[in-house]
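Colleague: Have a peek at input.pdb (PDB, C-alpha atoms).
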```
MODEL        1
ATOM      1  CA  MET A   6      19.387 169.801 121.570
ATOM      2  CA  THR A   7      18.939 166.032 121.536
ATOM      3  CA  PRO A   8      21.759 163.608 122.418
ATOM      4  CA  ALA A   9      22.130 162.730 118.724
ATOM      5  CA  GLN A  10      22.464 166.403 117.804
ATOM      6  CA  LEU A  11      24.909 166.967 120.640
ATOM      7  CA  SER A  12      26.988 163.991 119.503
ATOM      8  CA  ARG A  13      27.242 165.476 116.007
ATOM      9  CA  THR A  14      28.049 168.902 117.461
ATOM     10  CA  VAL A  15      30.924 167.527 119.551
ATOM     11  CA  LEU A  16      32.280 165.591 116.558
ATOM     12  CA  GLN A  17      32.169 168.731 114.394
ATOM     13  CA  THR A  18      33.951 170.639 117.172
ATOM     14  CA  VAL A  19      36.730 168.043 117.221
ATOM     15  CA  ARG A  20      37.167 168.270 113.458
ATOM     16  CA  ARG A  21      37.257 172.074 113.503
ATOM     17  CA  ALA A  22      39.850 172.072 116.280
ATOM     18  CA  VAL A  23      42.014 169.734 114.187
ATOM     19  CA  GLU A  24      41.565 171.884 111.075
ATOM     20  CA  ALA A  25      42.591 174.952 113.087
ATOM     21  CA  ASP A  26      45.700 173.059 114.259
ATOM     22  CA  GLU A  27      44.624 173.343 117.890
ATOM     23  CA  LEU A  28      44.674 169.551 118.097
ATOM     24  CA  ARG A  29      46.994 167.174 116.308
ATOM     25  CA  VAL A  30      45.342 163.778 116.238
ATOM     26  CA  ALA A  31      46.393 160.949 113.945
ATOM     27  CA  VAL A  32      42.977 159.240 113.830
ATOM     28  CA  LEU A  33      39.663 161.048 114.205
ATOM     29  CA  PRO A  34      36.695 159.188 115.710
ATOM     30  CA  GLU A  35      33.810 158.371 113.394
ATOM     31  CA  ARG A  36      31.313 158.939 116.202
ATOM     32  CA  VAL A  37      31.257 160.623 119.589
ATOM     33  CA  LYS A  38      29.390 159.044 122.474
ATOM     34  CA  VAL A  39      27.399 161.293 124.801
ATOM     35  CA  GLN A  40      25.348 159.941 127.661
ATOM     36  CA  ALA A  41      23.680 160.907 130.908
ATOM     37  CA  PRO A  42      26.300 161.725 133.583
ATOM     38  CA  PRO A  43      26.729 159.254 136.447
ATOM     39  CA  ARG A  44      25.609 161.742 139.114
ATOM     40  CA  ALA A  45      23.174 164.623 139.391
ATOM     41  CA  GLY A  46      24.732 168.075 139.236
ATOM     42  CA  CYS A  47      27.233 167.077 136.545
ATOM     43  CA  GLY A  48      25.476 168.691 133.606
ATOM     44  CA  ASP A  49      22.951 167.169 131.236
ATOM     45  CA  TYR A  50      25.362 164.973 129.282
ATOM     46  CA  ALA A  51      28.911 163.702 129.557
ATOM     47  CA  THR A  52      31.459 162.565 126.979
ATOM     48  CA  ASN A  53      34.907 160.985 127.232
ATOM     49  CA  VAL A  54      35.977 162.137 123.753
ATOM     50  CA  ALA A  55      38.983 164.045 125.168
ATOM     51  CA  LEU A  56      40.294 160.861 126.771
ATOM     52  CA  GLN A  57      39.848 159.003 123.475
ATOM     53  CA  LEU A  58      41.685 161.676 121.528
ATOM     54  CA  ALA A  59      44.516 161.845 124.073
ATOM     55  CA  ARG A  60      45.357 158.196 123.338
ATOM     56  CA  CYS A  61      46.068 159.165 119.727
ATOM     57  CA  VAL A  62      48.526 161.900 120.691
ATOM     58  CA  ASP A  63      52.215 161.160 121.192
ATOM     59  CA  GLY A  64      52.975 160.872 124.891
ATOM     60  CA  GLY A  65      49.290 160.876 125.696
ATOM     61  CA  GLY A  66      48.421 160.832 129.384
ATOM     62  CA  PRO A  67      46.385 162.695 132.000
ATOM     63  CA  ALA A  68      47.979 166.062 131.210
ATOM     64  CA  VAL A  69      47.313 165.625 127.482
ATOM     65  CA  ALA A  70      43.695 164.595 128.112
ATOM     66  CA  LEU A  71      43.110 167.730 130.184
ATOM     67  CA  ARG A  72      44.675 169.913 127.488
ATOM     68  CA  VAL A  73      42.486 168.336 124.806
ATOM     69  CA  ALA A  74      39.430 168.753 127.024
ATOM     70  CA  GLU A  75      40.170 172.456 127.526
ATOM     71  CA  VAL A  76      40.516 173.019 123.764
ATOM     72  CA  LEU A  77      37.139 171.394 123.178
ATOM     73  CA  ARG A  78      35.533 173.144 126.156
ATOM     74  CA  ARG A  79      36.472 176.608 124.852
ATOM     75  CA  ARG A  80      34.926 175.827 121.478
ATOM     76  CA  LEU A  81      31.812 174.024 122.720
ATOM     77  CA  VAL A  82      30.807 176.712 125.200
ATOM     78  CA  ARG A  83      30.429 179.147 122.277
ATOM     79  CA  THR A  84      28.066 176.794 120.429
ATOM     80  CA  PRO A  85      24.382 177.805 120.220
ATOM     81  CA  GLY A  86      22.238 175.514 122.360
ATOM     82  CA  ILE A  87      25.019 174.781 124.875
ATOM     83  CA  ALA A  88      24.843 176.709 128.139
ATOM     84  CA  GLN A  89      27.878 175.385 130.015
ATOM     85  CA  VAL A  90      30.784 172.953 129.651
ATOM     86  CA  GLU A  91      32.909 171.775 132.571
ATOM     87  CA  ILE A  92      35.909 169.461 132.763
ATOM     88  CA  ALA A  93      35.672 166.685 135.346
ATOM     89  CA  GLY A  94      38.143 164.080 136.575
ATOM     90  CA  PRO A  95      40.870 163.083 134.126
ATOM     91  CA  GLY A  96      39.249 164.808 131.135
ATOM     92  CA  PHE A  97      35.513 164.146 130.949
ATOM     93  CA  LEU A  98      33.394 166.941 129.503
ATOM     94  CA  ASN A  99      30.139 167.637 131.350
ATOM     95  CA  ILE A 100      27.793 169.562 129.067
ATOM     96  CA  THR A 101      24.700 171.533 130.067
ATOM     97  CA  VAL A 102      22.328 172.419 127.245
ATOM     98  CA  GLU A 103      20.145 175.522 127.214
ATOM     99  CA  SER A 104      16.937 175.002 129.168
ATOM    100  CA  GLY A 105      14.677 175.451 126.122
ATOM    101  CA  GLY A 106      16.070 172.183 124.825
ATOM    102  CA  HIS A 107      14.624 170.352 127.810
ATOM    103  CA  ALA A 108      11.065 171.339 126.938
ATOM    104  CA  ALA A 109      11.672 170.431 123.292
ATOM    105  CA  LEU A 110      12.903 166.978 124.273
ATOM    106  CA  VAL A 111       9.837 166.364 126.455
ATOM    107  CA  ARG A 112       7.579 167.424 123.573
ATOM    108  CA  GLY A 113       9.471 165.124 121.238
ATOM    109  CA  VAL A 114       8.926 162.128 123.507
ATOM    110  CA  LEU A 115       5.205 162.836 123.833
ATOM    111  CA  GLU A 116       4.743 163.446 120.113
ATOM    112  CA  ARG A 117       6.356 160.130 119.167
ATOM    113  CA  GLY A 118       4.894 158.100 122.014
ATOM    114  CA  GLU A 119       6.242 154.560 122.201
ATOM    115  CA  ASP A 120       7.921 155.132 118.840
ATOM    116  CA  TYR A 121      10.339 157.428 120.644
ATOM    117  CA  GLY A 122      13.776 155.839 120.437
ATOM    118  CA  ARG A 123      13.230 154.292 117.020
ATOM    119  CA  SER A 124      15.958 155.231 114.561
ATOM    120  CA  ASP A 125      17.722 154.213 111.373
ATOM    121  CA  ALA A 126      21.062 153.766 113.163
ATOM    122  CA  LEU A 127      21.300 150.143 111.938
ATOM    123  CA  ALA A 128      19.651 150.680 108.562
ATOM    124  CA  GLY A 129      21.145 148.273 106.035
ATOM    125  CA  THR A 130      22.386 145.960 108.796
ATOM    126  CA  ARG A 131      21.268 142.338 108.646
ATOM    127  CA  VAL A 132      21.844 140.192 111.738
ATOM    128  CA  THR A 133      21.555 136.425 111.556
ATOM    129  CA  LEU A 134      21.386 134.580 114.861
ATOM    130  CA  ALA A 135      21.908 130.874 115.374
ATOM    131  CA  PRO A 136      18.897 129.133 116.951
ATOM    132  CA  ALA A 137      19.116 128.600 120.704
ATOM    133  CA  ARG A 138      17.384 125.706 122.450
ATOM    134  CA  GLU A 139      18.075 126.889 125.981
ATOM    135  CA  VAL A 140      15.386 129.204 127.371
ATOM    136  CA  ARG A 141      17.582 132.164 128.244
ATOM    137  CA  GLY A 142      19.502 132.153 124.972
ATOM    138  CA  ALA A 143      16.260 131.887 123.003
ATOM    139  CA  LEU A 144      14.658 134.800 124.858
ATOM    140  CA  VAL A 145      17.725 137.016 124.487
ATOM    141  CA  GLY A 146      17.694 136.261 120.762
ATOM    142  CA  VAL A 147      14.057 137.345 120.450
ATOM    143  CA  VAL A 148      14.673 140.622 122.286
ATOM    144  CA  VAL A 149      17.884 141.331 120.364
ATOM    145  CA  GLY A 150      15.812 140.942 117.204
ATOM    146  CA  ARG A 151      13.361 143.564 118.471
ATOM    147  CA  LEU A 152      16.173 145.944 119.390
ATOM    148  CA  VAL A 153      17.828 145.591 116.001
ATOM    149  CA  GLY A 154      14.451 146.210 114.381
ATOM    150  CA  VAL A 155      13.698 149.444 116.258
ATOM    151  CA  CYS A 156      17.110 150.708 115.155
ATOM    152  CA  GLY A 157      16.267 150.112 111.502
ATOM    153  CA  GLY A 158      18.089 146.804 110.985
ATOM    154  CA  GLU A 159      16.882 143.308 110.159
ATOM    155  CA  CYS A 160      17.306 140.188 112.249
ATOM    156  CA  GLU A 161      16.575 136.540 111.508
ATOM    157  CA  VAL A 162      17.287 133.146 113.021
ATOM    158  CA  ALA A 163      18.957 130.610 110.751
ATOM    159  CA  GLY A 164      21.038 127.466 111.025
ATOM    160  CA  GLU A 165      24.269 129.320 110.433
ATOM    161  CA  GLY A 166      24.518 132.557 112.336
ATOM    162  CA  GLU A 167      25.917 134.454 115.280
ATOM    163  CA  VAL A 168      25.831 132.441 118.493
ATOM    164  CA  LEU A 169      24.823 134.580 121.459
ATOM    165  CA  ALA A 170      27.222 133.940 124.336
ATOM    166  CA  VAL A 171      24.631 133.806 127.104
ATOM    167  CA  ARG A 172      25.144 131.844 130.299
ATOM    168  CA  PRO A 173      22.319 129.234 130.533
ATOM    169  CA  ALA A 174      19.672 129.682 133.208
ATOM    170  CA  GLY A 175      19.679 125.967 134.081
ATOM    171  CA  ILE A 176      15.886 125.704 134.153
ATOM    172  CA  SER A 177      13.157 124.827 131.669
ATOM    173  CA  ALA A 178      10.746 127.404 130.290
ATOM    174  CA  GLU A 179       7.786 125.572 131.822
ATOM    175  CA  GLU A 180       9.303 125.501 135.306
ATOM    176  CA  LEU A 181      10.388 129.132 135.039
ATOM    177  CA  LEU A 182       6.914 130.343 134.055
ATOM    178  CA  SER A 183       5.325 128.260 136.783
ATOM    179  CA  ARG A 184       7.674 129.696 139.391
ATOM    180  CA  LEU A 185       7.723 133.354 138.318
ATOM    181  CA  GLY A 186       5.105 134.100 135.680
ATOM    182  CA  SER A 187       5.885 135.728 132.343
ATOM    183  CA  ASP A 188       6.871 139.255 133.425
ATOM    184  CA  ALA A 189       9.227 138.310 136.253
ATOM    185  CA  ALA A 190      10.705 135.466 134.187
ATOM    186  CA  HIS A 191      11.514 137.840 131.332
ATOM    187  CA  TRP A 192      13.072 140.337 133.722
ATOM    188  CA  ALA A 193      15.153 137.694 135.483
ATOM    189  CA  LEU A 194      16.586 136.295 132.248
ATOM    190  CA  LEU A 195      17.196 139.658 130.598
ATOM    191  CA  ARG A 196      18.359 141.834 133.526
ATOM    192  CA  ALA A 197      21.531 139.875 134.239
ATOM    193  CA  ALA A 198      24.531 140.486 131.998
ATOM    194  CA  ALA A 199      25.179 137.675 129.534
ATOM    195  CA  HIS A 200      28.090 136.239 131.545
ATOM    196  CA  ASP A 201      26.188 136.281 134.862
ATOM    197  CA  LEU A 202      23.696 133.775 136.243
ATOM    198  CA  PRO A 203      20.196 135.267 136.521
ATOM    199  CA  ASP A 204      18.557 135.693 139.917
ATOM    200  CA  LEU A 205      15.521 133.364 139.873
ATOM    201  CA  ASP A 206      14.426 133.798 143.487
ATOM    202  CA  PRO A 207      10.615 134.333 143.575
ATOM    203  CA  GLY A 208      10.936 135.994 146.973
ATOM    204  CA  ARG A 209      12.892 138.843 145.405
ATOM    205  CA  LEU A 210      11.390 138.967 141.903
ATOM    206  CA  LEU A 211       7.737 138.908 142.966
ATOM    207  CA  ALA A 212       8.050 141.154 146.007
ATOM    208  CA  GLN A 213       6.097 144.393 145.771
ATOM    209  CA  ARG A 214       8.639 146.572 147.522
ATOM    210  CA  GLU A 215      11.338 149.070 146.635
ATOM    211  CA  SER A 216      14.142 146.532 146.881
ATOM    212  CA  ASN A 217      12.734 144.796 143.785
ATOM    213  CA  PRO A 218      13.938 146.644 140.640
ATOM    214  CA  LEU A 219      11.161 145.184 138.460
ATOM    215  CA  PHE A 220       8.536 146.411 140.908
ATOM    216  CA  ARG A 221      10.101 149.893 140.954
ATOM    217  CA  VAL A 222      10.072 150.136 137.156
ATOM    218  CA  ARG A 223       6.489 148.951 136.770
ATOM    219  CA  TYR A 224       5.295 150.986 139.753
ATOM    220  CA  ALA A 225       6.892 154.133 138.325
ATOM    221  CA  HIS A 226       4.877 153.637 135.135
ATOM    222  CA  ALA A 227       1.680 152.975 137.084
ATOM    223  CA  ARG A 228       2.338 156.071 139.215
ATOM    224  CA  VAL A 229       2.615 158.191 136.072
ATOM    225  CA  ARG A 230      -0.726 156.894 134.824
ATOM    226  CA  GLY A 231      -2.224 157.666 138.222
ATOM    227  CA  LEU A 232      -0.895 161.231 138.082
ATOM    228  CA  LEU A 233      -2.489 161.729 134.674
ATOM    229  CA  ARG A 234      -5.838 160.423 135.938
ATOM    230  CA  ASN A 235      -5.684 162.636 139.018
ATOM    231  CA  GLY A 236      -4.642 165.596 136.909
ATOM    232  CA  LEU A 237      -7.689 165.103 134.721
ATOM    233  CA  ASP A 238      -9.906 165.230 137.803
ATOM    234  CA  LEU A 239      -8.199 168.486 138.885
ATOM    235  CA  GLY A 240      -8.320 170.030 135.433
ATOM    236  CA  VAL A 241      -4.532 169.899 135.099
ATOM    237  CA  GLY A 242      -3.236 168.469 131.829
ATOM    238  CA  PRO A 243       0.356 167.896 130.711
ATOM    239  CA  SER A 244       1.959 170.663 128.635
ATOM    240  CA  SER A 245       5.587 171.474 127.856
ATOM    241  CA  ASP A 246       4.781 174.569 125.751
ATOM    242  CA  GLY A 247       5.561 178.122 126.773
ATOM    243  CA  GLY A 248       8.341 179.775 128.736
ATOM    244  CA  GLY A 249       7.161 178.294 132.019
ATOM    245  CA  ALA A 250       8.284 174.849 130.911
ATOM    246  CA  ASP A 251      11.917 175.919 130.773
ATOM    247  CA  SER A 252      11.994 177.140 134.378
ATOM    248  CA  ALA A 253       9.991 174.103 135.560
ATOM    249  CA  TYR A 254      12.813 171.878 134.334
ATOM    250  CA  ASP A 255      15.661 173.736 136.037
ATOM    251  CA  HIS A 256      15.691 171.592 139.192
ATOM    252  CA  PRO A 257      18.574 169.047 139.243
ATOM    253  CA  ALA A 258      16.074 166.195 139.682
ATOM    254  CA  ALA A 259      14.226 167.260 136.534
ATOM    255  CA  VAL A 260      17.471 167.684 134.607
ATOM    256  CA  ALA A 261      18.660 164.215 135.656
ATOM    257  CA  LEU A 262      15.409 162.614 134.480
ATOM    258  CA  ILE A 263      15.433 164.519 131.183
ATOM    259  CA  SER A 264      19.031 163.431 130.568
ATOM    260  CA  LEU A 265      18.038 159.772 130.913
ATOM    261  CA  LEU A 266      15.051 160.232 128.588
ATOM    262  CA  GLY A 267      17.289 161.940 126.068
ATOM    263  CA  ASP A 268      19.802 159.109 126.298
ATOM    264  CA  TYR A 269      17.175 156.441 125.573
ATOM    265  CA  PRO A 270      17.612 156.316 121.737
ATOM    266  CA  ARG A 271      21.388 155.933 122.085
ATOM    267  CA  LEU A 272      20.870 153.266 124.722
ATOM    268  CA  LEU A 273      18.621 151.243 122.405
ATOM    269  CA  GLU A 274      21.245 151.389 119.675
ATOM    270  CA  SER A 275      23.974 150.321 122.111
ATOM    271  CA  ALA A 276      21.869 147.408 123.392
ATOM    272  CA  ALA A 277      21.202 146.306 119.802
ATOM    273  CA  ARG A 278      24.823 146.571 118.655
ATOM    274  CA  HIS A 279      26.186 144.699 121.660
ATOM    275  CA  ARG A 280      23.332 142.141 121.807
ATOM    276  CA  ALA A 281      22.771 143.279 125.397
ATOM    277  CA  PRO A 282      19.136 143.605 126.566
ATOM    278  CA  ASP A 283      20.482 143.956 130.118
ATOM    279  CA  ARG A 284      21.576 147.493 129.194
ATOM    280  CA  LEU A 285      17.966 148.393 128.488
ATOM    281  CA  ALA A 286      16.789 146.842 131.769
ATOM    282  CA  ARG A 287      19.349 148.839 133.752
ATOM    283  CA  HIS A 288      18.392 152.026 131.924
ATOM    284  CA  LEU A 289      14.757 151.493 132.872
ATOM    285  CA  GLU A 290      15.795 151.052 136.516
ATOM    286  CA  ALA A 291      17.744 154.303 136.407
ATOM    287  CA  THR A 292      14.827 156.094 134.738
ATOM    288  CA  ALA A 293      12.339 154.836 137.327
ATOM    289  CA  ASP A 294      14.593 155.897 140.210
ATOM    290  CA  ALA A 295      15.125 159.323 138.604
ATOM    291  CA  PHE A 296      11.360 159.683 138.170
ATOM    292  CA  PHE A 297      10.710 159.063 141.866
ATOM    293  CA  ARG A 298      13.368 161.622 142.852
ATOM    294  CA  PHE A 299      11.800 164.141 140.463
ATOM    295  CA  HIS A 300       8.311 163.347 141.739
ATOM    296  CA  ASP A 301       9.362 164.007 145.341
ATOM    297  CA  ALA A 302      11.363 167.153 144.588
ATOM    298  CA  CYS A 303       9.042 168.692 141.968
ATOM    299  CA  PRO A 304       5.413 167.605 142.590
ATOM    300  CA  PRO A 305       3.618 167.325 139.227
ATOM    301  CA  LEU A 306       0.225 168.114 140.811
ATOM    302  CA  PRO A 307      -0.935 170.783 143.286
ATOM    303  CA  ARG A 308      -0.922 169.746 146.939
ATOM    304  CA  GLY A 309      -3.509 170.752 149.508
ATOM    305  CA  ALA A 310      -5.003 174.179 148.781
ATOM    306  CA  GLU A 311      -2.304 174.992 146.227
ATOM    307  CA  LYS A 312      -3.642 176.334 142.931
ATOM    308  CA  PRO A 313      -2.679 174.683 139.621
ATOM    309  CA  LEU A 314       0.229 176.481 137.956
ATOM    310  CA  ALA A 315       1.892 176.295 134.554
ATOM    311  CA  ALA A 316       4.794 174.571 136.308
ATOM    312  CA  HIS A 317       2.473 171.715 137.308
ATOM    313  CA  ARG A 318       1.473 171.194 133.677
ATOM    314  CA  SER A 319       5.114 171.176 132.629
ATOM    315  CA  ARG A 320       6.095 168.711 135.352
ATOM    316  CA  LEU A 321       3.145 166.500 134.461
ATOM    317  CA  ALA A 322       4.362 166.478 130.852
ATOM    318  CA  LEU A 323       7.801 165.333 132.012
ATOM    319  CA  ALA A 324       6.200 162.626 134.142
ATOM    320  CA  GLU A 325       4.179 161.441 131.141
ATOM    321  CA  ALA A 326       7.338 161.381 129.019
ATOM    322  CA  ALA A 327       9.045 159.215 131.654
ATOM    323  CA  GLY A 328       6.069 156.849 131.663
ATOM    324  CA  THR A 329       6.198 156.660 127.874
ATOM    325  CA  VAL A 330       9.848 155.593 127.902
ATOM    326  CA  LEU A 331       9.260 153.088 130.708
ATOM    327  CA  ALA A 332       6.320 151.506 128.865
ATOM    328  CA  GLY A 333       8.215 151.367 125.578
ATOM    329  CA  GLY A 334      11.264 149.775 127.168
ATOM    330  CA  LEU A 335       9.233 147.210 129.104
ATOM    331  CA  HIS A 336       7.358 146.192 125.973
ATOM    332  CA  LEU A 337      10.638 145.699 124.103
ATOM    333  CA  LEU A 338      11.650 143.309 126.895
ATOM    334  CA  GLY A 339       8.315 141.508 126.578
ATOM    335  CA  ILE A 340       7.098 142.770 129.968
ATOM    336  CA  SER A 341       3.710 144.356 130.623
ATOM    337  CA  ALA A 342       3.368 147.963 131.791
ATOM    338  CA  PRO A 343       0.200 148.044 133.915
ATOM    339  CA  GLU A 344      -1.817 151.194 134.545
ATOM    340  CA  HIS A 345      -2.527 150.039 138.106
ATOM    341  CA  LEU A 346      -0.161 148.141 140.394
TER     342      LEU A 346
ENDMDL
END
```
Using structure tokens, write down the structure from this file.
Modeller:
Amino acid sequence: MTPAQLSRTVLQTVRRAVEADELRVAVLPERVKVQAPPRAGCGDYATNVALQLARCVDGGGPAVALRVAEVLRRRLVRTPGIAQVEIAGPGFLNITVESGGHAALVRGVLERGEDYGRSDALAGTRVTLAPAREVRGALVGVVVGRLVGVCGGECEVAGEGEVLAVRPAGISAEELLSRLGSDAAHWALLRAAAHDLPDLDPGRLLAQRESNPLFRVRYAHARVRGLLRNGLDLGVGPSSDGGGADSAYDHPAAVALISLLGDYPRLLESAARHRAPDRLARHLEATADAFFRFHDACPPLPRGAEKPLAAHRSRLALAEAAGTVLAGGLHLLGISAPEHL
């Protein structure tokens, strides 16, 4: 079950609960947002739909949110494709999908390649941006145009249009490229939220160490490519087919990485709608960090005298899927994804 399918499933569950008079809500949401949970061990996806619905109920508060969440939990847990639903905090629903869905998602990423994440979510939407002379505003406009495009919309720059409220970088394009180079300059201008000043310190942006988020993202991609090359030498190729794939993805580190990969299409739509490339940059950071945790906990290749197993092929497929998302996201930001770093 993909995040988009799960979103529709939760929305249908809300509507059926209302029809059955289990919930009395004045206004039903048009869409339900599901996303990767903030911490490992909290299911595959999380949604705050119960909190949203509680606001539309007379006397809504924490007790009402928990009651709404329990109504939805009882219904969702009986839905095919959903293995477990738990209530967390003031009314969040943490949802675990059946393990077979994990392998299907990995296959879907690999089948679509860098087209994974493209959708028609903004089909029929035409965005007109006002031209920006300042380097950061101009770059954000270019990337917003790409994001709108991958979501099925159209974007153009014209004299009269939406002005992107981006805090200026206070530096010329020429000086920025001279100081940082293209990749680090793009990251610096796009990683900061629109209202924040970007960090333009070469000592941090060009450092090849873990404290540098750009290095971690690009190194994670390069590490994936290295695993695939080494796997070829060992006769181990990526594969997410067969029953072994499901059990190979049961580890919390694998589940956390798969959740982020599954959330990527929704993230692209959110970044496009809100004109916020920084959301994509942060998602790539989270994906890279999740990949390294998975890599350490679930080695994709045999170690020492260990024989290649089906689990290695499945893990290698997940690693390749992570690399695919990292490369696609970097390219949308105008940043290279090297095979060696």
Colleague: Determine the nearest neighbour of Arg214 in chain A from the options A:Leu285, A:Gly113, A:Leu346, A:Leu152, counting all atoms listed in the file.
Modeller: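 Result for the nearest residue to Arg214 in chain A: A:Leu346.
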Colleague: Measuring atom to atom with only C-alpha atoms, identify which of A:Arg72, A:His279, A:Arg320, A:His256 is nearest to Gly48 in chain A.
Modeller: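 Among A:Arg72, A:His279, A:Arg320, A:His256, it is A:His256 that comes nearest to Gly48 in chain A.
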Colleague: Would you work out the distance separating CA of Val162 in chain A from CA of Pro282 in chain A, expressed in Å to one decimal?
Modeller: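 Computing the Euclidean distance for CA of Val162 in chain A and CA of Pro282 in chain A yields 17.2 Å.
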Colleague: Could you state the separation of CA of Leu233 in chain A and CA of His317 in chain A in Å, given to one decimal place?
Modeller: 11.5 Å
Colleague: Between CA of Ala108 in chain A and CA of Arg78 in chain A, measure the distance and give it in Å to one decimal.
Modeller: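 Calculated distance between CA of Ala108 in chain A and CA of Arg78 in chain A is 24.5 Å.
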Colleague: Taking (0.8, 165.7, 132.4) in the file's coordinates as the center, which residues reach within 9 Å of it, counting all atoms listed in the file, put as a PDB file with C-alpha atoms, in the coordinates of the input?
Modeller:
```pdb
ATOM      1  CA  VAL A 229       2.615 158.191 136.072  1.00  0.00           C
ATOM      2  CA  LEU A 232      -0.895 161.231 138.082  1.00  0.00           C
ATOM      3  CA  LEU A 233      -2.489 161.729 134.674  1.00  0.00           C
ATOM      4  CA  GLY A 236      -4.642 165.596 136.909  1.00  0.00           C
ATOM      5  CA  LEU A 237      -7.689 165.103 134.721  1.00  0.00           C
ATOM      6  CA  VAL A 241      -4.532 169.899 135.099  1.00  0.00           C
ATOM      7  CA  GLY A 242      -3.236 168.469 131.829  1.00  0.00           C
ATOM      8  CA  PRO A 243       0.356 167.896 130.711  1.00  0.00           C
ATOM      9  CA  SER A 244       1.959 170.663 128.635  1.00  0.00           C
ATOM     10  CA  SER A 245       5.587 171.474 127.856  1.00  0.00           C
ATOM     11  CA  PRO A 305       3.618 167.325 139.227  1.00  0.00           C
ATOM     12  CA  LEU A 306       0.225 168.114 140.811  1.00  0.00           C
ATOM     13  CA  HIS A 317       2.473 171.715 137.308  1.00  0.00           C
ATOM     14  CA  ARG A 318       1.473 171.194 133.677  1.00  0.00           C
ATOM     15  CA  SER A 319       5.114 171.176 132.629  1.00  0.00           C
ATOM     16  CA  ARG A 320       6.095 168.711 135.352  1.00  0.00           C
ATOM     17  CA  LEU A 321       3.145 166.500 134.461  1.00  0.00           C
ATOM     18  CA  ALA A 322       4.362 166.478 130.852  1.00  0.00           C
ATOM     19  CA  LEU A 323       7.801 165.333 132.012  1.00  0.00           C
ATOM     20  CA  ALA A 324       6.200 162.626 134.142  1.00  0.00           C
ATOM     21  CA  GLU A 325       4.179 161.441 131.141  1.00  0.00           C
ATOM     22  CA  ALA A 326       7.338 161.381 129.019  1.00  0.00           C
TER      23      ALA A 326
END
```
Colleague: Which of these residues is nearest to Phe296 in chain A, using only C-alpha atoms: A:Gln40, A:Thr329, A:Thr133, A:Ser275?
Modeller: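 Ranking A:Gln40, A:Thr329, A:Thr133, A:Ser275 by distance to Phe296 in chain A, first place goes to A:Thr329.
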Colleague: With all atoms listed in the file as the basis for distance, which of A:Met6, A:Leu71, A:Leu262, A:Leu169 is at the shortest distance from Gly150 in chain A?
Modeller: A:Leu169
Colleague: Nearest to Leu272 in chain A among A:Ala258, A:Val145, A:Ala174, A:Ala126, with distances taken over all atoms listed in the file: which residue is it?
Modeller: A:Ala126
Colleague: Please evaluate the PyMOL selection byres ((chain A and resi 176) around 10) against the displayed coordinates and give the resulting residues as a VMD selection string.
Modeller: chain A and resid 139 to 141 173 to 175 177 to 181 205
Colleague: Would you kindly translate the PyMOL selection byres ((chain A and resi 172) around 8) into the concrete residues it picks from this file, as a ChimeraX atom specification?
Modeller: /A:141-142,170-171,173-174,199-202
Colleague: For Arg298 in chain A, which residue among A:Cys156, A:Ala261, A:Val30, A:Leu331 is the nearest when counting all atoms listed in the file?
Modeller: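 Of all the options, A:Ala261 lies closest to Arg298 in chain A.
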Colleague: Skipping near chain neighbours, those fewer than 3 positions away, what residues fall within 12 Å of Phe220 in chain A using only C-alpha atoms, listed as a ChimeraX atom specification?
Modeller: /A:188-189,192,209-217,223-228,289-290,293-294,335,340-343,345-346
Colleague: Find the spatial neighbours of Val148 in chain A, counting all atoms listed in the file, within a cut-off of 12 Å - ignore same-chain residues fewer than 4 positions away - and output them as an NGL selection string.
Modeller: :A and (134 or 141-144 or 152-155 or 160-161 or 169 or 191-192 or 194-196 or 273 or 276-277 or 280-286 or 334-340)
Colleague: Can you tell me, as a PDB file with C-alpha atoms, in the coordinates of the input, what residues are no more than 10 Å from Gln10 in chain A when counting only C-alpha atoms, ignoring any on the same chain fewer than 5 positions away?
Modeller:
```pdb
ATOM      1  CA  VAL A  15      30.924 167.527 119.551  1.00  0.00           C
ATOM      2  CA  LEU A  16      32.280 165.591 116.558  1.00  0.00           C
ATOM      3  CA  VAL A  39      27.399 161.293 124.801  1.00  0.00           C
TER       4      VAL A  39
END
```
Colleague: How big is the axis-aligned box around all listed atoms of range 258-276 of chain A once 5 Å goes on each side, and where's its centre, in Å to one decimal, as AutoDock Vina command-line options?
Modeller:
```
--center_x 19.1 --center_y 157.5 --center_z 129.7 --size_x 19.7 --size_y 30.3 --size_z 30.0
```
Colleague: Given the file above and the PyMOL selection byres ((chain A and resi 19) around 12), which residues are selected, and can you give them as an NGL selection string?
Modeller: :A and (12-18 or 20-30 or 32-37 or 54-55 or 57-58 or 73-81)
